[in-house]
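Visitor: Structure file model.cif (mmCIF, C-alpha atoms) right here:
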```
data_run
loop_
_atom_site.label_atom_id
_atom_site.label_comp_id
_atom_site.auth_asym_id
_atom_site.auth_seq_id
_atom_site.Cartn_x
_atom_site.Cartn_y
_atom_site.Cartn_z
CA MET A 1 33.21 -0.67 9.51
CA SER A 2 31.34 1.89 7.46
CA ASN A 3 29.32 0.91 4.38
CA CYS A 4 30.32 4.18 2.74
CA PRO A 5 33.55 3.84 0.78
CA ILE A 6 36.08 6.24 2.27
CA ASP A 7 37.94 6.84 -0.99
CA LEU A 8 34.99 8.52 -2.72
CA HIS A 9 35.63 12.05 -3.94
CA PHE A 10 32.82 14.59 -3.83
CA SER A 11 32.34 17.71 -5.91
CA LYS A 12 30.52 20.45 -4.04
CA THR A 13 29.54 22.08 -7.36
CA HIS A 14 28.07 18.88 -8.80
CA SER A 15 26.42 18.06 -5.48
CA ASN A 16 24.70 21.45 -5.26
CA LYS A 17 23.48 21.25 -8.89
CA ARG A 18 22.15 17.71 -8.43
CA ILE A 19 20.42 18.50 -5.16
CA GLU A 20 18.78 21.62 -6.63
CA LYS A 21 17.55 19.58 -9.60
CA ALA A 22 16.20 16.91 -7.23
CA TYR A 23 14.46 19.61 -5.16
CA GLU A 24 12.71 20.84 -8.31
CA SER A 25 11.60 17.42 -9.51
CA LEU A 26 10.91 15.58 -6.24
CA GLY A 27 10.41 18.33 -3.68
CA VAL A 28 12.54 19.43 -0.73
CA LYS A 29 10.92 17.10 1.82
CA ILE A 30 11.37 13.96 -0.24
CA VAL A 31 14.99 14.76 -1.07
CA THR A 32 15.67 15.50 2.61
CA ARG A 33 14.16 12.13 3.57
CA ILE A 34 16.20 10.33 0.90
CA ILE A 35 19.44 11.94 2.11
CA GLY A 36 18.57 11.21 5.74
CA PHE A 37 17.73 7.58 5.03
CA THR A 38 20.91 7.13 2.98
CA LEU A 39 23.04 8.58 5.78
CA PHE A 40 21.24 6.27 8.23
CA LEU A 41 22.01 3.26 6.01
CA PHE A 42 25.66 4.28 5.84
CA GLY A 43 25.80 4.16 9.62
CA ALA A 44 25.62 7.81 10.64
CA LYS A 45 24.20 8.53 14.09
CA ARG A 46 20.55 9.51 14.11
CA GLU A 47 21.26 12.60 16.21
CA ASP A 48 23.94 13.76 13.75
CA ILE A 49 21.62 13.19 10.78
CA SER A 50 18.79 15.22 12.31
CA GLN A 51 21.20 18.09 13.08
CA TYR A 52 22.71 17.97 9.60
CA LEU A 53 19.28 18.04 7.95
CA GLN A 54 18.05 20.67 10.43
CA ILE A 55 15.01 18.64 11.45
CA SER A 56 13.99 17.60 14.94
CA MET A 57 15.14 14.26 16.26
CA GLY A 58 11.50 13.20 16.81
CA THR A 59 10.59 13.98 13.20
CA PHE A 60 13.50 11.92 11.92
CA LEU A 61 12.69 8.99 14.21
CA SER A 62 9.06 9.10 13.10
CA PHE A 63 10.21 8.99 9.49
CA LEU A 64 12.42 5.96 10.18
CA THR A 65 9.47 4.20 11.82
CA ARG A 66 7.24 4.95 8.80
CA ALA A 67 9.97 3.75 6.42
CA ASP A 68 10.12 0.49 8.34
CA GLN A 69 6.33 0.07 8.26
CA TYR A 70 5.41 1.41 4.80
CA GLY A 71 8.58 1.23 2.70
CA LEU A 72 8.72 3.71 -0.18
CA LEU A 73 5.37 5.27 0.76
CA ALA A 74 7.08 6.78 3.81
CA PHE A 75 9.10 9.12 1.59
CA GLU A 76 5.99 10.94 0.39
CA ASP A 77 3.80 13.32 2.32
CA ARG A 78 0.83 11.20 3.38
CA ARG A 79 -1.49 14.22 3.41
CA LYS A 80 -0.79 15.09 -0.23
CA SER A 81 0.13 11.78 -1.79
CA ALA A 82 -1.88 10.14 -4.52
CA TYR A 83 -0.68 6.82 -3.14
CA LYS A 84 -2.68 5.59 -0.21
CA LYS A 85 -2.14 2.43 1.71
CA VAL A 86 -5.37 0.52 1.39
CA VAL A 87 -6.33 -1.50 4.41
CA THR A 88 -8.88 -4.16 3.65
CA THR A 89 -10.68 -6.34 6.08
CA GLU A 90 -12.76 -9.31 5.19
CA ALA A 91 -16.15 -9.50 6.80
CA PRO A 92 -17.50 -12.90 7.68
CA VAL A 93 -20.17 -14.09 5.29
CA LYS A 94 -22.97 -16.38 6.42
CA VAL A 95 -24.89 -18.24 3.75
CA SER A 96 -27.81 -20.59 4.02
CA LEU A 97 -29.43 -22.59 1.26
CA ALA A 98 -32.93 -24.03 1.31
CA VAL A 99 -34.37 -26.17 -1.47
CA THR A 100 -38.11 -26.75 -1.56
CA GLU A 101 -40.35 -28.44 -4.11
CA GLN A 102 -40.84 -25.18 -5.98
CA ASN A 103 -38.00 -22.84 -4.99
CA VAL A 104 -34.38 -22.49 -4.14
CA ILE A 105 -33.79 -19.88 -1.45
CA ILE A 106 -30.33 -18.47 -0.83
CA GLN A 107 -29.94 -16.22 2.20
CA SER A 108 -26.75 -14.34 2.95
CA TRP A 109 -25.53 -11.92 5.58
CA VAL A 110 -22.72 -9.64 4.44
CA ASN A 111 -21.57 -6.81 6.70
CA ASN A 112 -24.60 -7.43 8.91
CA LYS A 113 -26.95 -6.92 5.95
CA PHE A 114 -29.43 -9.64 5.09
CA ARG A 115 -30.05 -10.58 1.46
CA LYS A 116 -32.48 -13.18 0.20
CA TYR A 117 -32.53 -14.64 -3.30
CA ASN A 118 -35.63 -16.61 -4.17
CA SER A 119 -35.83 -18.34 -7.51
CA SER A 120 -37.92 -20.97 -9.16
CA LYS A 121 -36.29 -24.40 -9.15
CA ASN A 122 -37.27 -24.89 -12.79
CA LEU A 123 -35.66 -21.57 -13.78
CA LEU A 124 -32.42 -22.58 -12.09
CA GLN A 125 -32.42 -25.94 -13.81
CA ARG A 126 -33.01 -24.35 -17.20
CA ASN A 127 -30.21 -21.81 -16.63
CA SER A 128 -27.89 -24.56 -15.47
CA HIS A 129 -28.64 -26.61 -18.60
CA PHE A 130 -28.11 -23.52 -20.82
CA CYS A 131 -24.74 -22.78 -19.16
CA LYS A 132 -23.58 -26.36 -19.61
CA GLN A 133 -24.42 -26.22 -23.32
CA ARG A 134 -23.04 -22.74 -23.86
CA PHE A 135 -19.72 -23.20 -22.09
CA ALA A 136 -19.04 -26.90 -22.66
CA TYR A 137 -15.62 -27.73 -24.05
CA ARG A 138 -15.86 -29.02 -27.58
#
```
For this file, produce the structure as structure tokens.

Guide:
Amino acid sequence: MSNCPIDLHFSKTHSNKRIEKAYESLGVKIVTRIIGFTLFLFGAKREDISQYLQISMGTFLSFLTRADQYGLLAFEDRRKSAYKKVVTTEAPVKVSLAVTEQNVIIQSWVNNKFRKYNSSKNLLQRNSHFCKQRFAYR
């Protein structure tokens, strides 16, 4: 059973005008991808879609794979798009804390870079007391 209602009536004149307007506002490649994806959703064969759109079967299959992986971003040209998929990775962070009579030493390794913070214990206590007074709920 097809998802496309069979009793729809199409106007070639309206279709051509709408497609031309879409080409102007969205670009030919994006409109072609939208039409191809819509035909795919309606159940058309992939081979028939690629022939109808006059694109290679491999190009159309690659697009379908990108649509599955990236969603709407697949419809745009990745080389020209302002939208980029940002891949973030979290680096492990190692932290050590040493408290001596005079100092508090915090050492951290982020992205294999060593950082050492050395501060007077008295300074930390004063700042802690100030913060408690400043931000206490009243």

Visitor: If the PyMOL selection byres ((chain A and resi 52-68) around 12) is run on the structure shown, which residues does it catch, given as JSON, numbers by chain?

Guide: {"A": [28, 29, 30, 31, 32, 33, 34, 35, 36, 37, 38, 39, 40, 41, 44, 45, 46, 47, 48, 49, 50, 51, 69, 70, 71, 72, 73, 74, 75, 76, 77, 78]}

Visitor: Write out, as a PDB file, in the frame of the given file, the residues just selected, with C-alpha atoms.

Guide:
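Saved to part-v7.pdb:
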```pdb
ATOM      1  CA  VAL A  28      12.540  19.430  -0.730  1.00  0.00           C
ATOM      2  CA  LYS A  29      10.920  17.100   1.820  1.00  0.00           C
ATOM      3  CA  ILE A  30      11.370  13.960  -0.240  1.00  0.00           C
ATOM      4  CA  VAL A  31      14.990  14.760  -1.070  1.00  0.00           C
ATOM      5  CA  THR A  32      15.670  15.500   2.610  1.00  0.00           C
ATOM      6  CA  ARG A  33      14.160  12.130   3.570  1.00  0.00           C
ATOM      7  CA  ILE A  34      16.200  10.330   0.900  1.00  0.00           C
ATOM      8  CA  ILE A  35      19.440  11.940   2.110  1.00  0.00           C
ATOM      9  CA  GLY A  36      18.570  11.210   5.740  1.00  0.00           C
ATOM     10  CA  PHE A  37      17.730   7.580   5.030  1.00  0.00           C
ATOM     11  CA  THR A  38      20.910   7.130   2.980  1.00  0.00           C
ATOM     12  CA  LEU A  39      23.040   8.580   5.780  1.00  0.00           C
ATOM     13  CA  PHE A  40      21.240   6.270   8.230  1.00  0.00           C
ATOM     14  CA  LEU A  41      22.010   3.260   6.010  1.00  0.00           C
ATOM     15  CA  ALA A  44      25.620   7.810  10.640  1.00  0.00           C
ATOM     16  CA  LYS A  45      24.200   8.530  14.090  1.00  0.00           C
ATOM     17  CA  ARG A  46      20.550   9.510  14.110  1.00  0.00           C
ATOM     18  CA  GLU A  47      21.260  12.600  16.210  1.00  0.00           C
ATOM     19  CA  ASP A  48      23.940  13.760  13.750  1.00  0.00           C
ATOM     20  CA  ILE A  49      21.620  13.190  10.780  1.00  0.00           C
ATOM     21  CA  SER A  50      18.790  15.220  12.310  1.00  0.00           C
ATOM     22  CA  GLN A  51      21.200  18.090  13.080  1.00  0.00           C
ATOM     23  CA  GLN A  69       6.330   0.070   8.260  1.00  0.00           C
ATOM     24  CA  TYR A  70       5.410   1.410   4.800  1.00  0.00           C
ATOM     25  CA  GLY A  71       8.580   1.230   2.700  1.00  0.00           C
ATOM     26  CA  LEU A  72       8.720   3.710  -0.180  1.00  0.00           C
ATOM     27  CA  LEU A  73       5.370   5.270   0.760  1.00  0.00           C
ATOM     28  CA  ALA A  74       7.080   6.780   3.810  1.00  0.00           C
ATOM     29  CA  PHE A  75       9.100   9.120   1.590  1.00  0.00           C
ATOM     30  CA  GLU A  76       5.990  10.940   0.390  1.00  0.00           C
ATOM     31  CA  ASP A  77       3.800  13.320   2.320  1.00  0.00           C
ATOM     32  CA  ARG A  78       0.830  11.200   3.380  1.00  0.00           C
TER      33      ARG A  78
END
```

Visitor: Atom CA of A:Gly43 and atom CA of A:Ser15 are how many Å apart?

Guide: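 Separation of atom CA of A:Gly43 and atom CA of A:Ser15: 20.5 Å.
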
Visitor: At what distance in Å, to one decimal, does atom CA of A:Lys21 lie from atom CA of A:Leu8?

Guide: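 So the answer is 21.8 Å.
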
Visitor: Could you give me the centre and size, in Å to one decimal, of an axis-aligned box around all listed atoms of stretch 16-33 of chain A with 5 Å added on every side, as lines of an AutoDock Vina configuration file?

Guide:
```
center_x = 17.6
center_y = 16.9
center_z = -3.0
size_x = 24.3
size_y = 19.5
size_z = 23.2
```

Visitor: Could you check how far atom CA of A:Ile106 sits from atom CA of A:Lys94, in Å to one decimal?

Guide: 10.5 Å
